[in-house]
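What follows is the content of structure-v3.cif, which has mmCIF, C-alpha atoms:
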data_query
loop_
_atom_site.label_atom_id
_atom_site.label_comp_id
_atom_site.auth_asym_id
_atom_site.auth_seq_id
_atom_site.Cartn_x
_atom_site.Cartn_y
_atom_site.Cartn_z
CA MET D 1 0.00 0.00 0.00
CA LYS D 2 1.15 3.53 -0.74
CA PRO D 3 2.35 5.79 2.09
CA VAL D 4 -0.04 8.51 3.16
CA GLN D 5 0.32 12.03 4.51
CA LEU D 6 -1.61 12.49 7.72
CA THR D 7 -1.84 14.53 10.88
CA ALA D 8 -1.14 12.65 14.09
CA ARG D 9 -1.81 13.65 17.67
CA VAL D 10 0.92 13.59 20.31
CA ILE D 11 0.09 11.18 23.14
CA SER D 12 3.34 11.65 25.05
CA ASN D 13 6.83 13.00 24.48
CA ARG D 14 9.25 12.22 27.27
CA ARG D 15 12.97 12.28 27.88
CA ILE D 16 14.24 8.76 28.59
CA ALA D 17 17.94 9.54 29.11
CA GLY D 18 20.21 12.51 28.40
CA PRO D 19 19.42 13.81 24.88
CA TYR D 20 17.13 10.86 24.03
CA PHE D 21 13.35 11.19 23.82
CA LYS D 22 10.47 8.85 23.07
CA LEU D 23 7.52 10.31 21.15
CA CYS D 24 4.20 8.48 21.06
CA LEU D 25 1.76 9.45 18.29
CA ARG D 26 -1.79 8.32 17.62
CA GLU D 27 -2.19 7.59 13.93
CA ALA D 28 -3.91 4.25 13.41
CA SER D 29 -3.63 3.93 9.62
CA ILE D 30 0.18 4.15 9.73
CA ALA D 31 0.65 2.23 12.99
CA ARG D 32 -1.37 -0.75 11.78
CA ARG D 33 0.46 -1.04 8.44
CA ALA D 34 4.00 -0.42 9.65
CA LEU D 35 6.69 -3.09 9.43
CA PRO D 36 9.97 -3.23 11.39
CA GLY D 37 12.62 -1.17 9.64
CA GLN D 38 10.22 1.25 7.98
CA PHE D 39 10.21 4.94 8.83
CA VAL D 40 8.14 8.12 8.69
CA MET D 41 8.95 11.60 7.43
CA LEU D 42 7.88 13.97 10.15
CA GLN D 43 7.26 17.70 9.79
CA VAL D 44 8.69 19.48 12.82
CA LYS D 45 8.68 23.07 11.61
CA ARG D 46 7.11 25.99 13.34
CA GLU D 47 6.51 28.85 10.94
CA ASP D 48 9.29 28.77 8.28
CA ALA D 49 12.14 26.63 9.63
CA PRO D 50 13.28 23.93 9.50
CA PHE D 51 11.73 23.59 6.05
CA LEU D 52 12.28 19.89 5.29
CA ARG D 53 10.68 16.91 6.95
CA ARG D 54 12.90 14.65 9.04
CA PRO D 55 13.13 10.84 8.75
CA PHE D 56 12.55 8.81 11.91
CA SER D 57 12.55 5.04 12.31
CA ILE D 58 9.37 3.50 13.66
CA HIS D 59 10.43 2.37 17.11
CA SER D 60 7.23 0.51 17.94
CA ALA D 61 3.67 0.21 16.63
CA GLN D 62 0.88 -1.17 18.77
CA GLY D 63 -2.79 -0.71 18.03
CA PRO D 64 -3.43 2.87 16.85
CA ASP D 65 -0.19 4.25 18.30
CA LEU D 66 3.36 4.42 17.01
CA GLU D 67 6.50 5.41 18.85
CA ILE D 68 9.59 7.25 17.68
CA LEU D 69 12.88 7.19 19.57
CA TYR D 70 15.07 10.17 18.74
CA GLU D 71 18.10 12.10 19.86
CA THR D 72 18.08 15.89 20.11
CA LYS D 73 20.93 16.95 17.83
CA GLY D 74 19.80 19.92 15.77
CA ALA D 75 17.08 22.55 15.37
CA GLY D 76 14.47 20.08 14.12
CA THR D 77 14.78 17.60 16.96
CA ARG D 78 14.98 20.39 19.54
CA ILE D 79 11.63 21.67 18.26
CA LEU D 80 10.27 18.12 18.31
CA SER D 81 11.29 17.72 21.95
CA LYS D 82 8.99 20.63 22.85
CA GLN D 83 5.85 18.96 21.46
CA LYS D 84 3.20 18.36 24.09
CA PRO D 85 0.24 15.96 24.40
CA ARG D 86 -2.58 16.88 22.00
CA ASP D 87 -0.25 18.81 19.71
CA ALA D 88 -0.62 17.98 16.00
CA VAL D 89 2.29 16.59 13.96
CA GLU D 90 2.27 16.03 10.19
CA LEU D 91 3.88 12.86 8.88
CA ILE D 92 4.17 10.66 5.81
CA GLY D 93 4.48 6.89 6.15
CA PRO D 94 5.09 4.11 6.45
CA LEU D 95 8.06 4.48 4.11
CA GLY D 96 10.84 2.26 2.80
CA ASN D 97 11.49 -1.46 2.92
CA GLY D 98 11.89 -3.10 6.30
CA PHE D 99 13.52 -6.23 7.65
CA SER D 100 12.60 -9.62 6.27
CA LEU D 101 11.06 -11.81 8.96
CA ARG D 102 11.67 -15.00 6.99
CA LEU D 103 14.59 -16.40 8.95
CA GLY D 104 13.75 -20.09 8.90
CA SER D 105 15.29 -21.93 11.83
CA ARG D 106 18.01 -19.32 12.37
CA ARG D 107 18.38 -17.50 15.68
CA PRO D 108 18.14 -13.71 15.36
CA ILE D 109 21.09 -11.73 16.69
CA ILE D 110 20.26 -8.05 16.95
CA VAL D 111 23.23 -5.66 17.01
CA ALA D 112 22.45 -2.07 18.00
CA GLY D 113 24.86 0.82 18.30
CA GLY D 114 23.66 3.91 20.19
CA ILE D 115 20.48 5.36 18.69
CA GLY D 116 20.60 2.43 16.24
CA VAL D 117 18.30 0.65 18.68
CA ALA D 118 15.45 2.77 17.27
CA PRO D 119 14.12 0.37 14.56
CA LEU D 120 15.34 -2.80 16.28
CA VAL D 121 12.94 -2.85 19.25
CA PHE D 122 10.02 -3.09 16.81
CA LEU D 123 11.82 -5.97 15.10
CA ALA D 124 12.36 -7.77 18.42
CA GLN D 125 8.65 -7.38 19.21
CA LYS D 126 7.79 -9.14 15.95
CA LEU D 127 10.34 -11.90 16.68
CA SER D 128 9.43 -12.31 20.34
CA ASN D 129 8.85 -16.07 19.96
CA ARG D 130 12.35 -16.74 18.60
CA LYS D 131 14.43 -16.46 21.82
CA GLY D 132 16.97 -14.24 20.14
CA LEU D 133 19.98 -12.32 21.38
CA ALA D 134 20.30 -8.52 21.52
CA LEU D 135 23.75 -6.96 21.66
CA ILE D 136 23.52 -3.28 22.64
CA GLY D 137 26.45 -0.89 22.43
CA GLY D 138 27.03 2.60 23.76
CA ARG D 139 29.97 4.93 24.28
CA THR D 140 29.24 4.90 28.02
CA ALA D 141 26.74 3.21 30.33
CA ALA D 142 24.50 6.28 29.97
CA GLY D 143 24.35 5.71 26.22
CA VAL D 144 22.97 2.17 26.47
CA LEU D 145 19.33 2.35 25.37
CA CYS D 146 16.26 0.10 25.48
CA GLU D 147 17.67 -2.80 27.49
CA LYS D 148 14.34 -3.39 29.26
CA GLU D 149 12.38 -3.13 26.02
CA PHE D 150 14.43 -5.95 24.47
CA GLN D 151 14.10 -8.05 27.61
CA LYS D 152 10.32 -7.71 27.49
CA THR D 153 10.33 -9.36 24.07
CA GLY D 154 12.12 -12.43 25.44
CA PHE D 155 15.50 -11.57 23.91
CA SER D 156 18.63 -12.16 25.98
CA VAL D 157 20.57 -8.90 26.30
CA THR D 158 24.32 -8.31 26.50
CA ILE D 159 25.84 -4.84 26.86
CA ALA D 160 29.05 -3.35 25.48
CA THR D 161 30.49 0.08 26.29
CA ASP D 162 33.44 1.76 24.62
CA ASP D 163 34.81 2.99 27.97
CA GLY D 164 34.12 -0.20 29.91
CA SER D 165 31.73 1.52 32.31
CA ARG D 166 29.29 -1.35 31.86
CA GLY D 167 29.38 -4.85 30.42
CA PHE D 168 31.89 -5.82 27.75
CA HIS D 169 34.74 -3.30 27.43
CA GLY D 170 34.88 -2.49 23.73
CA ARG D 171 32.77 -2.15 20.62
CA VAL D 172 29.52 -4.03 20.27
CA THR D 173 31.01 -5.70 17.18
CA GLY D 174 33.56 -7.28 19.52
CA LEU D 175 30.67 -8.85 21.38
CA LEU D 176 29.30 -10.16 18.10
CA GLU D 177 32.63 -11.74 17.20
CA ARG D 178 32.82 -13.38 20.63
CA GLU D 179 29.32 -14.79 20.24
CA LEU D 180 30.00 -16.21 16.79
CA ARG D 181 33.13 -18.04 17.96
CA THR D 182 30.95 -20.58 19.76
CA ALA D 183 27.76 -20.39 17.69
CA ASN D 184 26.94 -22.43 14.61
CA PRO D 185 26.96 -19.84 11.77
CA ASP D 186 24.40 -21.88 9.84
CA ARG D 187 21.88 -21.28 12.62
CA GLN D 188 22.30 -17.51 13.05
CA ILE D 189 21.12 -14.35 11.29
CA ILE D 190 22.25 -10.81 12.09
CA TYR D 191 20.04 -7.71 12.15
CA ALA D 192 21.88 -4.44 12.74
CA CYS D 193 21.58 -0.68 12.88
CA GLY D 194 24.12 1.84 14.05
CA PRO D 195 26.92 4.19 12.96
CA GLU D 196 28.68 3.58 9.66
CA PRO D 197 31.93 2.18 11.15
CA MET D 198 29.87 -0.42 13.02
CA ILE D 199 28.00 -1.40 9.86
CA ARG D 200 31.27 -1.71 7.95
CA ARG D 201 32.67 -4.01 10.62
CA ILE D 202 29.53 -6.15 10.61
CA CYS D 203 29.85 -6.48 6.83
CA GLY D 204 33.30 -7.94 7.34
CA ILE D 205 32.19 -10.27 10.14
CA SER D 206 29.15 -11.47 8.19
CA LEU D 207 31.13 -12.26 5.04
CA LYS D 208 34.02 -13.88 6.93
CA ASP D 209 31.81 -16.15 9.06
CA LYS D 210 29.21 -16.65 6.31
CA VAL D 211 26.35 -15.46 8.52
CA PRO D 212 23.52 -13.71 6.64
CA ALA D 213 22.84 -10.18 7.77
CA GLN D 214 20.39 -7.37 7.18
CA VAL D 215 21.37 -3.82 8.07
CA SER D 216 19.36 -0.63 8.38
CA LEU D 217 21.31 2.31 6.96
CA GLU D 218 21.15 5.95 7.96
CA ALA D 219 21.19 8.71 5.35
CA HIS D 220 20.27 12.36 4.94
CA MET D 221 16.90 12.50 3.18
CA ALA D 222 15.14 15.46 1.63
CA CYS D 223 11.93 13.82 0.39
CA GLY D 224 11.85 10.26 1.79
CA ILE D 225 9.87 8.94 -1.19
CA GLY D 226 12.60 8.36 -3.77
CA ALA D 227 12.05 11.48 -5.86
CA CYS D 228 15.04 13.68 -5.05
CA LEU D 229 17.78 10.98 -5.26
CA GLY D 230 19.59 12.70 -2.39
CA CYS D 231 20.11 9.43 -0.52
CA ALA D 232 21.25 7.31 -3.49
CA MET D 233 24.13 4.94 -2.75
CA ASN D 234 26.17 2.63 -4.93
CA THR D 235 25.60 -1.10 -4.43
CA LYS D 236 26.67 -4.27 -6.22
CA HIS D 237 23.50 -3.91 -8.28
CA GLY D 238 23.90 -0.25 -9.17
CA TYR D 239 22.62 2.83 -7.38
CA LYS D 240 19.79 2.37 -4.91
CA ARG D 241 17.91 4.88 -2.78
CA VAL D 242 18.11 4.39 0.99
CA CYS D 243 14.59 5.80 1.37
CA LYS D 244 12.98 3.64 -1.32
CA GLU D 245 14.92 0.39 -1.85
CA GLY D 246 16.16 0.60 1.75
CA PRO D 247 16.71 1.58 4.46
CA VAL D 248 17.21 -2.14 5.10
CA PHE D 249 19.62 -3.97 2.82
CA ASP D 250 21.02 -7.48 2.72
CA ILE D 251 24.69 -7.30 3.57
CA GLU D 252 25.61 -8.98 0.27
CA GLU D 253 24.25 -5.99 -1.68
CA LEU D 254 26.64 -3.53 -0.11
CA LEU D 255 30.03 -2.58 -1.54
#
Would you encode the structure as structure tokens?
Amino acid sequence: MKPVQLTARVISNRRIAGPYFKLCLREASIARRALPGQFVMLQVKREDAPFLRRPFSIHSAQGPDLEILYETKGAGTRILSKQKPRDAVELIGPLGNGFSLRLGSRRPIIVAGGIGVAPLVFLAQKLSNRKGLALIGGRTAAGVLCEKEFQKTGFSVTIATDDGSRGFHGRVTGLLERELRTANPDRQIIYACGPEPMIRRICGISLKDKVPAQVSLEAHMACGIGACLGCAMNTKHGYKRVCKEGPVFDIEELL
């Protein structure tokens, strides 16, 4: 079905840690059609700026409500953080291609770096009967997000922090490598979202250990519907748009 442009009502908008907020919107037609990995383009402007909509992963969708997890980084997200219950927000969605849920008998291993947890909680909710593993990374203990949300889905959770303030001391990709040393690669599948260096490392791990992987990529988007070509990236099969053919790609497609 085609994405639609609608006005949603803010149910709640609360700070969960530091610069991170969770926005709950009531918009049943998008919430009920959304798939893990898809996103919405949200209009956060007041008066004339910021002009463009912003892309946000769908963090969760239950009944008529959808949630967005975001980090306040610029003018748009600072304005968004001021939205109050009953405020109106314009959005287009659901957009893009999400994660494939056809994993056969493989165990899902979710790898999240920082705000990369945003689309992966929704995925874990859909895979709650698979007894998967969630590896969550952050620069510090304060940057580890959504541990309880993953646990509620039945996933086992292991933490990594760059500074060693909690859990495994090192990158979350180091945790993944440790896990795969003792796991049967034929029985695993990786789902990941996070900063580009993390995705690059997961590409290497996936190809070396022959473990299939799907990754959600981040990109600057002007339109979110494939018209402007601003998020086009080169793949093994030519140029593809992160907003249209992605944001989720099989690891084998990526250069």
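Comparing the minimum interatomic distances between Pro3 of chain D and each of D:Val40, D:Glu90, D:Arg78, D:Thr158, counting all atoms listed in the file, we find that D:Val40 sits nearest.
Reported to one decimal place, the separation of atom CA of Pro36 of chain D from atom CA of Pro119 of chain D is 6.3 Å.
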Output of the PyMOL selection byres ((chain D and resi 28) around 12), listed as a short mmCIF file (atom, residue, chain, number, x, y, z; two decimals) with C-alpha atoms, in the frame of the given file:
data_model
loop_
_atom_site.label_atom_id
_atom_site.label_comp_id
_atom_site.auth_asym_id
_atom_site.auth_seq_id
_atom_site.Cartn_x
_atom_site.Cartn_y
_atom_site.Cartn_z
CA VAL D 4 -0.04 8.51 3.16
CA LEU D 6 -1.61 12.49 7.72
CA THR D 7 -1.84 14.53 10.88
CA ALA D 8 -1.14 12.65 14.09
CA ARG D 9 -1.81 13.65 17.67
CA CYS D 24 4.20 8.48 21.06
CA LEU D 25 1.76 9.45 18.29
CA ARG D 26 -1.79 8.32 17.62
CA GLU D 27 -2.19 7.59 13.93
CA SER D 29 -3.63 3.93 9.62
CA ILE D 30 0.18 4.15 9.73
CA ALA D 31 0.65 2.23 12.99
CA ARG D 32 -1.37 -0.75 11.78
CA ARG D 33 0.46 -1.04 8.44
CA ALA D 34 4.00 -0.42 9.65
CA ALA D 61 3.67 0.21 16.63
CA GLN D 62 0.88 -1.17 18.77
CA GLY D 63 -2.79 -0.71 18.03
CA PRO D 64 -3.43 2.87 16.85
CA ASP D 65 -0.19 4.25 18.30
CA LEU D 66 3.36 4.42 17.01
CA GLU D 67 6.50 5.41 18.85
CA GLY D 93 4.48 6.89 6.15
CA PRO D 94 5.09 4.11 6.45
#
For this session: Please measure the separation of atom CA of Thr77 of chain D and atom CA of Leu254 of chain D, giving the value in Å to one decimal.
Result: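 Computed distance, atom CA of Thr77 of chain D to atom CA of Leu254 of chain D, equals 29.6 Å.
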For this session: Specify as a PyMOL selection string each residue included when the PyMOL selection byres ((chain D and resi 232-247) around 12) is applied to this file.
Result: chain D and resi 2-3+36-41+54-58+93-100+119+192-193+214-231+248-255
Exercise. Suppose you want the space between atom CA of Lys22 of chain D and atom CA of Ala118 of chain D; what is it in Å?
Worked result: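 Atom CA of Lys22 of chain D sits 9.8 Å away from atom CA of Ala118 of chain D.
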Problem set entry | Closest of D:Ser165, D:Gln83, D:Ser156, D:Thr182 to Gln43 of chain D - atom-to-atom distances counting all atoms listed in the file | D:Gln83
For this session: Compare D:Lys73, D:Arg171, D:Arg139, D:Lys126 by their minimum atom-to-atom distance to Lys152 of chain D, counting only C-alpha atoms, and give me the closest one.
Result: D:Lys126
For this session: Go through D:Val111, D:Pro85, D:Val44, D:Glu71 one by one, measure the shortest atom-to-atom distance of each to Ile199 of chain D using all atoms listed in the file, and give the residue with the smallest value.
Result: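 Of the candidates, the smallest distance to Ile199 of chain D is held by D:Val111.
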Problem set entry | Test item: the PyMOL selection byres ((chain D and resi 173) around 10) resolved as an MDAnalysis selection string | chainID D and resid 111:113 135:137 160 170:172 174:179 197:199 201:202 205
For this session: Compare D:Val144, D:Leu133, D:Ile115, D:Leu42 by their minimum atom-to-atom distance to Ile92 of chain D, counting only C-alpha atoms, and give me the closest one.
Result: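 Ranking D:Val144, D:Leu133, D:Ile115, D:Leu42 by distance to Ile92 of chain D, first place goes to D:Leu42.
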Problem set entry | Option closest in space to Asp162 of chain D, from D:Leu35, D:Ala142, D:Leu69, D:Ala124 [counting all atoms listed in the file] |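 Comparing D:Leu35, D:Ala142, D:Leu69, D:Ala124 against Asp162 of chain D, the winner is D:Ala142.
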